[in-house]
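Engineer: What follows is upload_9.cif, mmCIF, C-alpha atoms.
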data_final
loop_
_atom_site.label_atom_id
_atom_site.label_comp_id
_atom_site.auth_asym_id
_atom_site.auth_seq_id
_atom_site.Cartn_x
_atom_site.Cartn_y
_atom_site.Cartn_z
CA MET A 275 112.17 107.65 101.84
CA ARG A 276 110.17 108.18 105.04
CA ALA A 277 112.24 105.77 107.14
CA ALA A 278 115.48 107.00 105.58
CA THR A 279 114.77 110.64 106.40
CA ALA A 280 113.72 109.74 109.96
CA LEU A 281 117.00 107.87 110.53
CA SER A 282 118.99 110.68 108.92
CA ALA A 283 117.32 113.26 111.16
CA ALA A 284 118.22 111.08 114.16
CA GLY A 285 121.91 111.35 113.27
CA CYS A 286 122.48 108.29 111.08
CA HIS A 287 124.41 108.45 107.81
CA VAL A 288 121.96 106.85 105.37
CA SER A 289 122.65 105.36 101.94
CA VAL A 290 119.83 104.02 99.76
CA VAL A 291 120.32 101.53 96.92
CA ASP A 292 117.26 101.41 94.68
CA LEU A 293 116.07 100.27 91.26
CA GLU A 294 115.32 103.15 88.92
CA SER A 295 113.68 102.88 85.51
CA GLN A 296 113.96 106.60 84.76
CA GLU A 297 117.14 108.24 83.52
CA GLN A 298 118.98 109.25 86.69
CA PRO A 299 122.58 109.87 87.71
CA ALA A 300 124.20 106.80 89.23
CA ARG A 301 124.61 108.66 92.53
CA GLU A 302 122.98 111.74 94.03
CA GLN A 303 122.25 113.40 97.37
CA VAL A 304 118.61 114.02 98.33
CA GLN A 305 117.68 115.50 101.73
CA GLY A 306 121.10 114.51 103.07
CA ILE A 307 120.67 110.88 101.93
CA ALA A 308 123.09 109.22 99.50
CA LEU A 309 121.07 107.60 96.70
CA GLN A 310 122.64 104.92 94.52
CA HIS A 311 120.52 103.97 91.52
CA VAL A 312 120.69 100.58 89.83
CA ARG A 313 119.49 101.21 86.29
CA LEU A 314 116.43 99.22 85.25
CA ALA A 315 115.97 98.74 81.51
CA PRO A 316 112.77 100.47 80.29
CA GLU A 317 111.52 97.21 78.76
CA PHE A 318 111.99 95.22 81.99
CA PHE A 319 108.37 95.36 83.18
CA SER A 320 106.87 94.87 79.73
CA SER A 321 109.02 91.80 79.08
CA ARG A 322 109.28 90.22 82.53
CA PHE A 323 106.85 87.41 81.66
CA LYS A 324 108.46 86.68 78.30
CA ARG A 325 111.37 84.48 77.24
CA ARG A 326 114.71 85.59 78.71
CA ALA A 327 112.86 87.25 81.60
CA LEU A 328 114.67 84.96 84.04
CA LEU A 329 118.04 86.05 82.65
CA ARG A 330 117.08 89.72 82.94
CA ALA A 331 115.91 89.21 86.52
CA ALA A 332 119.11 87.32 87.41
CA SER A 333 121.26 90.07 85.92
CA LEU A 334 119.34 92.69 87.85
CA PHE A 335 119.71 90.71 91.08
CA VAL A 336 123.48 90.38 90.61
CA ARG A 337 123.91 94.10 89.88
CA GLY A 338 121.74 95.11 92.81
CA THR A 339 123.46 92.70 95.19
CA TRP A 340 126.89 93.90 94.09
CA GLN A 341 125.87 97.51 94.74
CA VAL A 342 124.70 96.61 98.26
CA LEU A 343 127.86 94.58 98.94
CA SER A 344 129.95 97.56 97.80
CA THR A 345 128.24 99.83 100.33
CA ASP A 346 129.82 99.82 103.78
CA ALA A 347 127.24 100.08 106.57
CA ASP A 348 126.69 99.17 110.22
CA VAL A 349 123.09 98.12 109.51
CA TYR A 350 121.67 96.74 106.26
CA HIS A 351 117.96 97.57 106.05
CA ALA A 352 116.03 95.48 103.51
CA HIS A 353 112.83 97.07 102.25
CA ASP A 354 110.62 94.06 101.57
CA VAL A 355 111.33 90.55 100.31
CA ALA A 356 113.03 91.55 97.03
CA ALA A 357 115.80 93.38 98.90
CA LEU A 358 116.29 90.81 101.65
CA PRO A 359 118.70 88.37 99.91
CA ALA A 360 121.16 91.15 98.99
CA CYS A 361 121.04 92.72 102.44
CA TYR A 362 121.28 89.31 104.10
CA LEU A 363 124.43 88.47 102.12
CA ALA A 364 126.00 91.86 102.86
CA SER A 365 125.26 91.61 106.57
CA ARG A 366 126.69 88.09 106.82
CA LEU A 367 129.82 88.77 104.76
CA ARG A 368 130.56 92.06 106.53
CA ARG A 369 129.39 90.78 109.95
CA LYS A 370 126.97 93.68 110.38
CA ARG A 371 123.38 94.04 111.60
CA LEU A 372 120.35 93.22 109.42
CA VAL A 373 116.90 94.83 109.53
CA PHE A 374 114.06 93.44 107.42
CA GLU A 375 111.03 95.62 106.68
CA ALA A 376 107.97 93.63 105.55
CA HIS A 377 105.39 95.83 103.84
CA GLU A 378 103.04 92.85 103.80
CA MET A 379 102.99 89.23 104.95
CA PRO A 380 105.95 87.75 103.02
CA LEU A 381 104.95 85.49 100.10
CA GLU A 382 101.24 85.61 100.95
CA GLU A 383 100.10 88.11 98.34
CA HIS A 384 98.30 85.52 96.19
CA PRO A 385 96.58 82.26 97.17
CA LEU A 386 98.47 79.11 96.16
CA SER A 387 95.39 77.96 94.24
CA SER A 388 95.93 80.83 91.76
CA MET A 389 99.53 79.77 90.94
CA ASN A 390 100.70 77.45 88.19
CA ARG A 391 103.20 74.68 88.92
CA GLY A 392 106.25 76.84 88.22
CA ARG A 393 105.10 79.63 90.50
CA ARG A 394 104.27 77.15 93.24
CA LEU A 395 107.78 75.72 93.03
CA LEU A 396 109.27 79.22 93.21
CA HIS A 397 107.01 80.02 96.15
CA HIS A 398 108.20 76.88 97.96
CA LEU A 399 111.87 77.75 97.37
CA LEU A 400 111.39 81.33 98.53
CA THR A 401 109.55 80.10 101.62
CA LEU A 402 112.59 77.99 102.54
CA LEU A 403 114.87 81.00 102.02
CA MET A 404 112.66 83.18 104.22
CA LYS A 405 112.86 80.58 107.00
CA GLY A 406 116.62 81.07 107.00
CA MET A 407 116.90 84.81 106.47
CA ILE A 408 114.07 86.33 108.52
CA PRO A 409 115.02 84.69 111.86
CA ALA A 410 118.62 85.78 111.20
CA SER A 411 117.52 89.43 111.13
CA ASP A 412 118.50 91.52 114.13
CA GLY A 413 115.23 93.41 113.80
CA VAL A 414 112.04 93.18 111.75
CA ILE A 415 109.59 95.97 110.95
CA THR A 416 106.08 95.49 109.65
CA VAL A 417 102.93 97.49 109.11
CA SER A 418 99.97 95.86 110.90
CA PRO A 419 99.32 94.13 114.24
CA PRO A 420 98.11 90.84 112.64
CA ILE A 421 101.33 90.62 110.60
CA VAL A 422 103.36 91.29 113.75
CA GLU A 423 101.67 88.32 115.44
CA GLU A 424 102.05 86.00 112.44
CA LEU A 425 105.71 86.87 111.85
CA GLN A 426 106.50 86.21 115.50
CA ARG A 427 104.61 82.91 115.40
CA ARG A 428 106.43 81.71 112.27
CA TYR A 429 109.95 83.01 112.79
CA ARG A 430 110.54 83.74 116.52
CA ILE A 431 112.10 87.15 115.80
CA LYS A 432 114.50 88.88 118.22
CA HIS A 433 113.23 92.44 117.86
CA LEU A 434 109.94 93.16 116.09
CA ALA A 435 108.44 96.63 115.63
CA LEU A 436 105.10 97.87 114.33
CA VAL A 437 105.69 100.89 112.08
CA ARG A 438 102.51 101.70 110.20
CA ASN A 439 102.57 103.46 106.83
CA ILE A 440 101.19 106.78 108.06
CA PRO A 441 101.77 110.12 106.28
CA PRO A 442 103.35 113.12 108.03
CA TYR A 443 100.82 115.35 109.71
CA GLN A 444 99.30 118.16 107.71
CA GLN A 445 96.10 120.14 107.94
CA VAL A 446 94.07 119.35 104.84
CA ALA A 447 91.30 121.73 103.80
CA ARG A 448 88.16 120.50 102.07
CA THR A 449 88.37 120.87 98.29
CA ARG A 450 86.29 120.28 95.15
CA ARG A 451 89.06 118.76 93.05
CA LEU A 452 87.19 115.54 92.24
CA HIS A 453 84.00 117.42 91.38
CA GLU A 454 85.93 119.80 89.14
CA ALA A 455 87.91 117.06 87.39
CA LEU A 456 84.76 115.06 86.68
CA GLY A 457 82.45 117.98 85.91
CA LEU A 458 80.08 117.07 88.74
CA ALA A 459 77.63 119.42 90.44
CA PRO A 460 78.58 120.53 93.99
CA GLN A 461 75.68 118.62 95.59
CA ILE A 462 76.91 115.25 94.28
CA ARG A 463 78.22 113.12 97.16
CA LEU A 464 81.37 111.15 96.44
CA ALA A 465 82.43 107.74 97.75
CA LEU A 466 86.13 107.39 96.91
CA TYR A 467 88.45 104.43 96.48
CA GLN A 468 92.05 105.56 96.03
CA GLY A 469 95.05 103.36 95.43
CA ARG A 470 96.14 100.79 92.91
CA LEU A 471 93.37 99.30 90.79
CA GLN A 472 93.87 95.54 91.06
CA ALA A 473 91.93 92.31 91.30
CA ASN A 474 92.29 91.71 95.04
CA ARG A 475 90.58 94.96 96.06
CA SER A 476 86.96 93.91 95.19
CA LEU A 477 86.52 96.93 92.93
CA ASP A 478 84.13 94.95 90.74
CA LEU A 479 81.73 94.88 93.70
CA LEU A 480 81.82 98.67 93.89
CA VAL A 481 80.87 98.89 90.21
CA LYS A 482 78.03 96.40 90.71
CA ALA A 483 76.85 98.30 93.80
CA ALA A 484 76.39 101.51 91.81
CA ARG A 485 72.95 100.56 90.42
CA TYR A 486 71.61 100.37 93.99
CA LEU A 487 72.86 103.79 95.12
CA ASP A 488 70.52 106.63 95.99
CA PRO A 489 70.40 109.61 93.57
CA GLU A 490 73.30 112.08 93.59
CA ILE A 491 75.85 109.57 94.89
CA VAL A 492 78.86 108.74 92.70
CA ILE A 493 81.67 106.23 93.27
CA VAL A 494 85.14 107.42 92.21
CA LEU A 495 88.05 105.03 91.59
CA LEU A 496 91.29 107.01 91.70
CA GLY A 497 94.56 105.28 90.91
CA LYS A 498 96.80 103.44 88.50
CA GLY A 499 95.65 100.13 87.08
CA LEU A 500 97.73 96.99 87.58
CA GLY A 501 97.89 95.06 84.32
CA ASN A 502 94.53 95.26 82.54
CA ALA A 503 92.55 96.13 85.67
CA ALA A 504 91.53 99.62 84.55
CA GLU A 505 90.34 98.39 81.15
CA GLU A 506 88.39 95.55 82.76
CA LEU A 507 86.71 97.98 85.15
CA GLU A 508 85.76 100.25 82.25
CA GLN A 509 84.21 97.26 80.46
CA LEU A 510 82.29 96.29 83.60
CA ILE A 511 81.04 99.85 84.05
CA ALA A 512 79.74 99.80 80.48
CA ALA A 513 78.16 96.35 80.90
CA GLU A 514 76.43 97.45 84.13
CA GLN A 515 75.35 100.71 82.45
CA VAL A 516 76.55 102.79 85.40
CA SER A 517 78.92 105.20 83.69
CA ASP A 518 77.05 108.07 85.35
CA ARG A 519 77.51 106.50 88.82
CA VAL A 520 81.11 105.21 88.67
CA LYS A 521 84.03 107.35 87.51
CA LEU A 522 87.66 106.37 86.93
CA LEU A 523 90.53 108.82 87.34
CA PRO A 524 94.25 108.18 86.84
CA ALA A 525 96.71 108.39 89.71
CA VAL A 526 97.78 111.87 90.79
CA PRO A 527 101.19 112.96 92.15
CA TYR A 528 101.54 111.85 95.76
CA ALA A 529 102.33 115.40 96.89
CA GLU A 530 98.85 116.41 95.70
CA LEU A 531 96.96 113.28 96.74
CA LEU A 532 95.46 114.46 100.04
CA SER A 533 93.96 117.54 98.40
CA TRP A 534 92.09 115.17 96.05
CA THR A 535 91.14 112.88 98.94
CA ALA A 536 89.71 115.85 100.83
CA SER A 537 87.07 116.40 98.16
CA ALA A 538 85.46 113.02 98.90
CA ASP A 539 82.66 112.49 101.41
CA LEU A 540 83.42 108.83 102.12
CA GLY A 541 86.51 106.60 101.78
CA LEU A 542 86.11 102.99 100.66
CA LEU A 543 88.09 99.90 101.68
CA VAL A 544 86.22 96.81 100.49
CA ALA A 545 88.93 94.19 99.87
CA SER A 546 87.79 90.67 100.71
CA PRO A 547 89.59 89.23 103.75
CA ASP A 548 89.10 85.80 102.17
CA TYR A 549 91.22 86.62 99.10
CA SER A 550 94.54 85.81 100.77
CA LEU A 551 96.27 85.86 104.13
CA ASN A 552 98.07 89.04 103.10
CA VAL A 553 94.85 90.89 102.31
CA ARG A 554 93.23 89.71 105.54
CA MET A 555 96.16 91.07 107.56
CA PHE A 556 96.97 94.28 105.74
CA LEU A 557 96.62 97.85 106.99
CA PRO A 558 96.78 99.94 103.80
CA ASN A 559 98.21 103.43 103.66
CA LYS A 560 95.02 104.67 102.01
CA LEU A 561 93.24 104.26 105.36
CA PHE A 562 95.59 106.78 106.95
CA GLU A 563 95.25 109.08 103.94
CA TYR A 564 91.47 109.08 104.37
CA ILE A 565 91.92 109.83 108.08
CA MET A 566 94.42 112.64 107.47
CA ALA A 567 91.99 114.26 105.03
CA GLY A 568 89.06 113.90 107.45
CA VAL A 569 87.18 111.44 105.24
CA PRO A 570 84.96 108.88 107.07
CA VAL A 571 85.65 105.26 106.16
CA LEU A 572 83.50 102.33 105.05
CA THR A 573 85.48 99.11 105.35
CA SER A 574 85.07 95.39 104.89
CA ALA A 575 85.88 93.06 107.79
CA LEU A 576 89.66 93.53 107.65
CA PRO A 577 90.76 93.02 111.28
CA ALA A 578 93.49 95.68 111.50
CA VAL A 579 91.36 98.26 109.68
CA VAL A 580 88.24 97.49 111.72
CA GLU A 581 90.21 97.86 114.96
CA LEU A 582 91.23 101.43 114.09
CA VAL A 583 87.90 102.46 112.59
CA GLN A 584 86.02 101.34 115.69
CA ALA A 585 88.60 102.58 118.20
CA TYR A 586 88.41 106.13 116.85
CA GLY A 587 84.77 106.07 115.71
CA LEU A 588 85.63 107.30 112.24
CA GLY A 589 83.62 104.96 110.04
CA GLU A 590 81.50 101.84 109.68
CA VAL A 591 82.09 98.16 108.91
CA LEU A 592 80.25 96.20 106.22
CA SER A 593 78.17 93.32 107.56
CA GLU A 594 78.65 91.39 104.31
CA LEU A 595 80.56 91.90 101.09
CA THR A 596 77.96 92.02 98.31
CA PRO A 597 76.98 94.82 95.91
CA GLN A 598 73.64 95.26 97.67
CA ALA A 599 75.23 95.41 101.14
CA ILE A 600 77.84 97.92 99.97
CA ALA A 601 75.15 100.14 98.44
CA ARG A 602 72.99 99.92 101.58
CA ALA A 603 75.92 100.94 103.75
CA ILE A 604 76.87 103.89 101.51
CA ASN A 605 73.25 105.05 101.30
CA GLY A 606 72.87 104.67 105.06
CA MET A 607 75.96 106.70 105.88
CA PHE A 608 74.96 109.51 103.52
CA ALA A 609 71.43 109.48 104.96
CA ARG A 610 72.87 110.60 108.32
CA PRO A 611 74.87 113.77 107.56
CA GLU A 612 75.22 114.69 111.25
CA ARG A 613 76.78 111.30 112.01
CA LEU A 614 79.06 111.64 108.97
CA ALA A 615 80.18 115.08 110.19
CA THR A 616 81.00 113.62 113.61
CA MET A 617 83.07 110.86 111.99
CA ARG A 618 84.94 113.52 110.02
CA GLN A 619 85.83 115.35 113.23
CA TYR A 620 86.93 112.10 114.88
CA ALA A 621 89.18 111.37 111.89
CA LEU A 622 90.80 114.80 112.03
CA GLN A 623 91.33 114.47 115.79
CA ALA A 624 92.90 111.02 115.37
CA ALA A 625 95.27 112.37 112.71
CA SER A 626 96.38 115.31 114.83
CA SER A 627 96.78 113.38 118.10
CA ASP A 628 97.98 109.87 117.18
CA LEU A 629 97.95 108.85 113.54
CA HIS A 630 100.80 110.83 112.01
CA TRP A 631 104.33 109.91 110.97
CA GLU A 632 106.00 112.24 113.47
CA LYS A 633 104.69 109.97 116.24
CA GLU A 634 104.88 106.65 114.37
CA GLN A 635 108.56 107.07 113.49
CA GLU A 636 109.44 106.71 117.18
CA ASN A 637 108.79 102.95 116.84
CA LEU A 638 111.40 102.80 114.06
CA LEU A 639 113.97 104.75 116.07
CA GLN A 640 113.37 102.63 119.18
CA LEU A 641 113.99 99.45 117.19
CA TYR A 642 117.31 100.80 115.93
CA GLN A 643 118.24 101.79 119.48
CA GLN A 644 117.50 98.25 120.68
CA ILE A 645 119.62 96.76 117.89
CA VAL A 646 122.56 99.07 118.55
CA ASN A 647 122.45 98.37 122.29
CA SER A 648 121.99 94.60 122.04
#
Go ahead and express the file in the form of structure tokens.
Structural biologist:
Amino acid sequence: MRAATALSAAGCHVSVVDLESQEQPAREQVQGIALQHVRLAPEFFSSRFKRRALLRAASLFVRGTWQVLSTDADVYHAHDVAALPACYLASRLRRKRLVFEAHEMPLEEHPLSSMNRGRRLLHHLLTLLMKGMIPASDGVITVSPPIVEELQRRYRIKHLALVRNIPPYQQVARTRRLHEALGLAPQIRLALYQGRLQANRSLDLLVKAARYLDPEIVIVLLGKGLGNAAEELEQLIAAEQVSDRVKLLPAVPYAELLSWTASADLGLLVASPDYSLNVRMFLPNKLFEYIMAGVPVLTSALPAVVELVQAYGLGEVLSELTPQAIARAINGMFARPERLATMRQYALQAASSDLHWEKEQENLLQLYQQIVNS
């Protein structure tokens, strides 16, 4: 809703068509924005890999596309690849403008080597579709400088804007929420990973690093598991015998998230840049959440993340991605409390001066202005 509210505040009449699994009215007004919900059957996600899943997905696509086609607009704004075909059709049939917002590098989430033959065929077909639809967009938005460069190289886009996924500015006080939830003593220092628990985030390396940590340091993994990821992490924690050094917590409401983040002493981003092109290029929102909460960052060699961490002096970069190297880096950062305090101040300064949505949204509004005037 961040982009929608920014456009609404700028004087646009905004309608949002979304998929909703919860019981909701078909239409409602929220913050001056007209929401139109396409009902998603509760069993959709649990059955999407089973027989008839293709029919369910096709039915959902037709209903969603019809809803978009039934909505009159001057600009159709597709949030990510799943929404692009419907918005592309609507923009072509109604002869209106098209904006595509790529939250990641399209179709590069998983390496081809991990796909079976059917998924590879689907990937190939979608790649051909993207080659037709993305260059036809009047404007494209994406979230990291490397993705900006790659999209321009592949598709020769007319108007391309960097709009990073940064939260609105707020002053976040230090808390003890993680300590209290886990029953930890106040002197325990916490290294936090927050976000979805999934295979391409190298969370297994964090668990394996725990045995090498200095006393009174605990790693916290805060978030919702994708598939069986949470259960697999619990099994690994038990196998490594580090249940006292690694703690799992479920996701918390987003409105409360920063108050949980602010109880950590260090924020972790250790995804392997070699996992996929998408991971190598991404600039995750958790980085900006750490910064907003004044939490120093330890990151792997992710180019877009490293650029910000080094530019603002708010963290350190891992020299290699192994359990021992991760533990050495965490121990080393905690061994220098004065340096850690300086990084915290740099993070808070960066959030207040540059890295907040109130400033970032200007890139979105400028893109729309270019499209309207072109």
Engineer: Any chance you could work out the residue set of the PyMOL selection byres ((chain A and resi 644) around 12) here, as number ranges by chain?
Structural biologist: A: 371, 373, 412-414, 432-435, 637-643, 645-648
Engineer: Could you work out how far atom CA of Ala376 of chain A lies from atom CA of Pro420 of chain A, giving the answer in Å with one decimal?
Structural biologist: 12.5 Å
Engineer: Quick one: distance from atom CA of Asp488 of chain A to atom CA of Ser517 of chain A in Å, one decimal?
Structural biologist: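 Atom-to-atom, atom CA of Asp488 of chain A and atom CA of Ser517 of chain A are spaced 15.0 Å apart.
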Engineer: Considering all atoms listed in the file, tabulate each residue of segment 419-523 of chain A that lies at most 7 Å from segment 529-542 of chain A along with its nearest interatomic pair and the corresponding distance in Å to one decimal; arrange the rows by chain and ascending residue number and present them as CSV.
Structural biologist:
residue,atom,partner,partner_atom,distance
A:Val446,CA,A:Ser533,CA,6.7
A:Ala447,CA,A:Ala536,CA,6.8
A:Arg448,CA,A:Ala536,CA,5.1
A:Thr449,CA,A:Ser537,CA,4.7
A:Arg450,CA,A:Ser537,CA,5.0
A:Arg451,CA,A:Trp534,CA,5.6
A:Leu452,CA,A:Ser537,CA,6.0
A:Arg463,CA,A:Asp539,CA,6.2
A:Leu464,CA,A:Ala538,CA,5.1
A:Ala465,CA,A:Leu540,CA,4.6
A:Leu466,CA,A:Gly541,CA,4.9
A:Tyr467,CA,A:Leu542,CA,5.0
Engineer: Using only C-alpha atoms, determine which residues lie at most 10 Å from Met275 of chain A, disregarding the query and same-chain residues fewer than 4 positions distant; provide the list as a PDB file with C-alpha atoms, in the frame of the given file.
Structural biologist:
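As written to disk, part.pdb reads:
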ATOM      1  CA  THR A 279     114.770 110.640 106.400  1.00  0.00           C
ATOM      2  CA  ALA A 280     113.720 109.740 109.960  1.00  0.00           C
ATOM      3  CA  LEU A 281     117.000 107.870 110.530  1.00  0.00           C
ATOM      4  CA  VAL A 290     119.830 104.020  99.760  1.00  0.00           C
ATOM      5  CA  VAL A 304     118.610 114.020  98.330  1.00  0.00           C
ATOM      6  CA  GLN A 305     117.680 115.500 101.730  1.00  0.00           C
ATOM      7  CA  ILE A 307     120.670 110.880 101.930  1.00  0.00           C
TER       8      ILE A 307
END
Engineer: With the PyMOL selection byres ((chain A and resi 601) around 8) as the selection, what would be picked from this file? Answer as a PDB file with C-alpha atoms, in the coordinates of the input, please.
Structural biologist:
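Result file is out02.pdb:
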ATOM      1  CA  ALA A 483      76.850  98.300  93.800  1.00  0.00           C
ATOM      2  CA  ALA A 484      76.390 101.510  91.810  1.00  0.00           C
ATOM      3  CA  TYR A 486      71.610 100.370  93.990  1.00  0.00           C
ATOM      4  CA  LEU A 487      72.860 103.790  95.120  1.00  0.00           C
ATOM      5  CA  PRO A 597      76.980  94.820  95.910  1.00  0.00           C
ATOM      6  CA  GLN A 598      73.640  95.260  97.670  1.00  0.00           C
ATOM      7  CA  ALA A 599      75.230  95.410 101.140  1.00  0.00           C
ATOM      8  CA  ILE A 600      77.840  97.920  99.970  1.00  0.00           C
ATOM      9  CA  ARG A 602      72.990  99.920 101.580  1.00  0.00           C
ATOM     10  CA  ALA A 603      75.920 100.940 103.750  1.00  0.00           C
ATOM     11  CA  ILE A 604      76.870 103.890 101.510  1.00  0.00           C
ATOM     12  CA  ASN A 605      73.250 105.050 101.300  1.00  0.00           C
TER      13      ASN A 605
END
Engineer: Report the closest atom pair, with its distance in Å rounded to one decimal, for each residue of segment 486-592 of chain A that has an atom no farther than 9 Å from segment 606-614 of chain A; count all atoms listed in the file, sort by chain and then rising residue number, and write it as JSON lines.
Structural biologist:
{"residue": "A:Ile491", "atom": "CA", "partner": "A:Phe608", "partner_atom": "CA", "distance": 8.7}
{"residue": "A:Asp539", "atom": "CA", "partner": "A:Leu614", "partner_atom": "CA", "distance": 8.4}
{"residue": "A:Leu540", "atom": "CA", "partner": "A:Leu614", "partner_atom": "CA", "distance": 8.6}
{"residue": "A:Val569", "atom": "CA", "partner": "A:Leu614", "partner_atom": "CA", "distance": 8.9}
{"residue": "A:Pro570", "atom": "CA", "partner": "A:Leu614", "partner_atom": "CA", "distance": 6.8}
{"residue": "A:Leu572", "atom": "CA", "partner": "A:Met607", "partner_atom": "CA", "distance": 8.8}
{"residue": "A:Leu588", "atom": "CA", "partner": "A:Leu614", "partner_atom": "CA", "distance": 8.5}
{"residue": "A:Gly589", "atom": "CA", "partner": "A:Leu614", "partner_atom": "CA", "distance": 8.2}
{"residue": "A:Glu590", "atom": "CA", "partner": "A:Met607", "partner_atom": "CA", "distance": 8.3}
Engineer: Can you translate the PyMOL selection byres ((chain A and resi 342) around 8) into the concrete residues it hits in this file, as a list in words?
Structural biologist: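 So the PyMOL selection byres ((chain A and resi 342) around 8), applied here, picks out Val291, Gly338, Thr339, Trp340, Gln341, Leu343, Ser344, Thr345, Ala360, Cys361 and Ala364 of chain A.
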Engineer: Distance atom CA of Leu381 of chain A-atom CA of Ala357 of chain A, one decimal place?
Structural biologist: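 Separation between atom CA of Leu381 of chain A and atom CA of Ala357 of chain A: 13.5 Å.
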Engineer: Mind checking which residues fall within 7 Å of Leu372 of chain A, counting only C-alpha atoms, ignoring those fewer than 3 positions away in the same chain, and posting them as a PyMOL selection string?
Structural biologist: chain A and resi 349-351+362+365+411-413
Engineer: If you count all atoms listed in the file, which residues fall within 8 Å of Leu522 of chain A, apart from same-chain ones fewer than 2 positions away, as a PyMOL selection string?
Structural biologist: chain A and resi 494-496+508+520+524
Engineer: Which residues, protein or nucleic acid, reach to within 9 Å of (101.0, 116.8, 109.8) in the file's coordinates when using all atoms listed in the file, and can you give that as a list in words?
Structural biologist: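 Final list of nearby residues, as requested, is Pro441, Pro442, Tyr443, Gln444, Gln445, Val446, Met566, Ala625, Ser626, His630, Trp631 and Glu632 of chain A.
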Engineer: Could you check the closest approach to His287 of chain A for each of A:Asp628, A:Glu581, A:Glu302, A:Asp346 and tell me which residue wins, using only C-alpha atoms?
Structural biologist: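 So, comparing all the options, the nearest one is A:Asp346.
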Engineer: Counting only C-alpha atoms, figure out which residue out of A:Asn390, A:Asn439, A:Gln619, A:Thr596 gets nearest to His377 of chain A.
Structural biologist: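 Using only C-alpha atoms, the shortest distance to His377 of chain A belongs to A:Asn439.
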Engineer: With distances taken over only C-alpha atoms, which of A:Gly306, A:Pro577, A:Pro489, A:Pro558 is nearest to Gln461 of chain A?
Structural biologist: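 Using only C-alpha atoms, Gln461 of chain A sits closest to A:Pro489.
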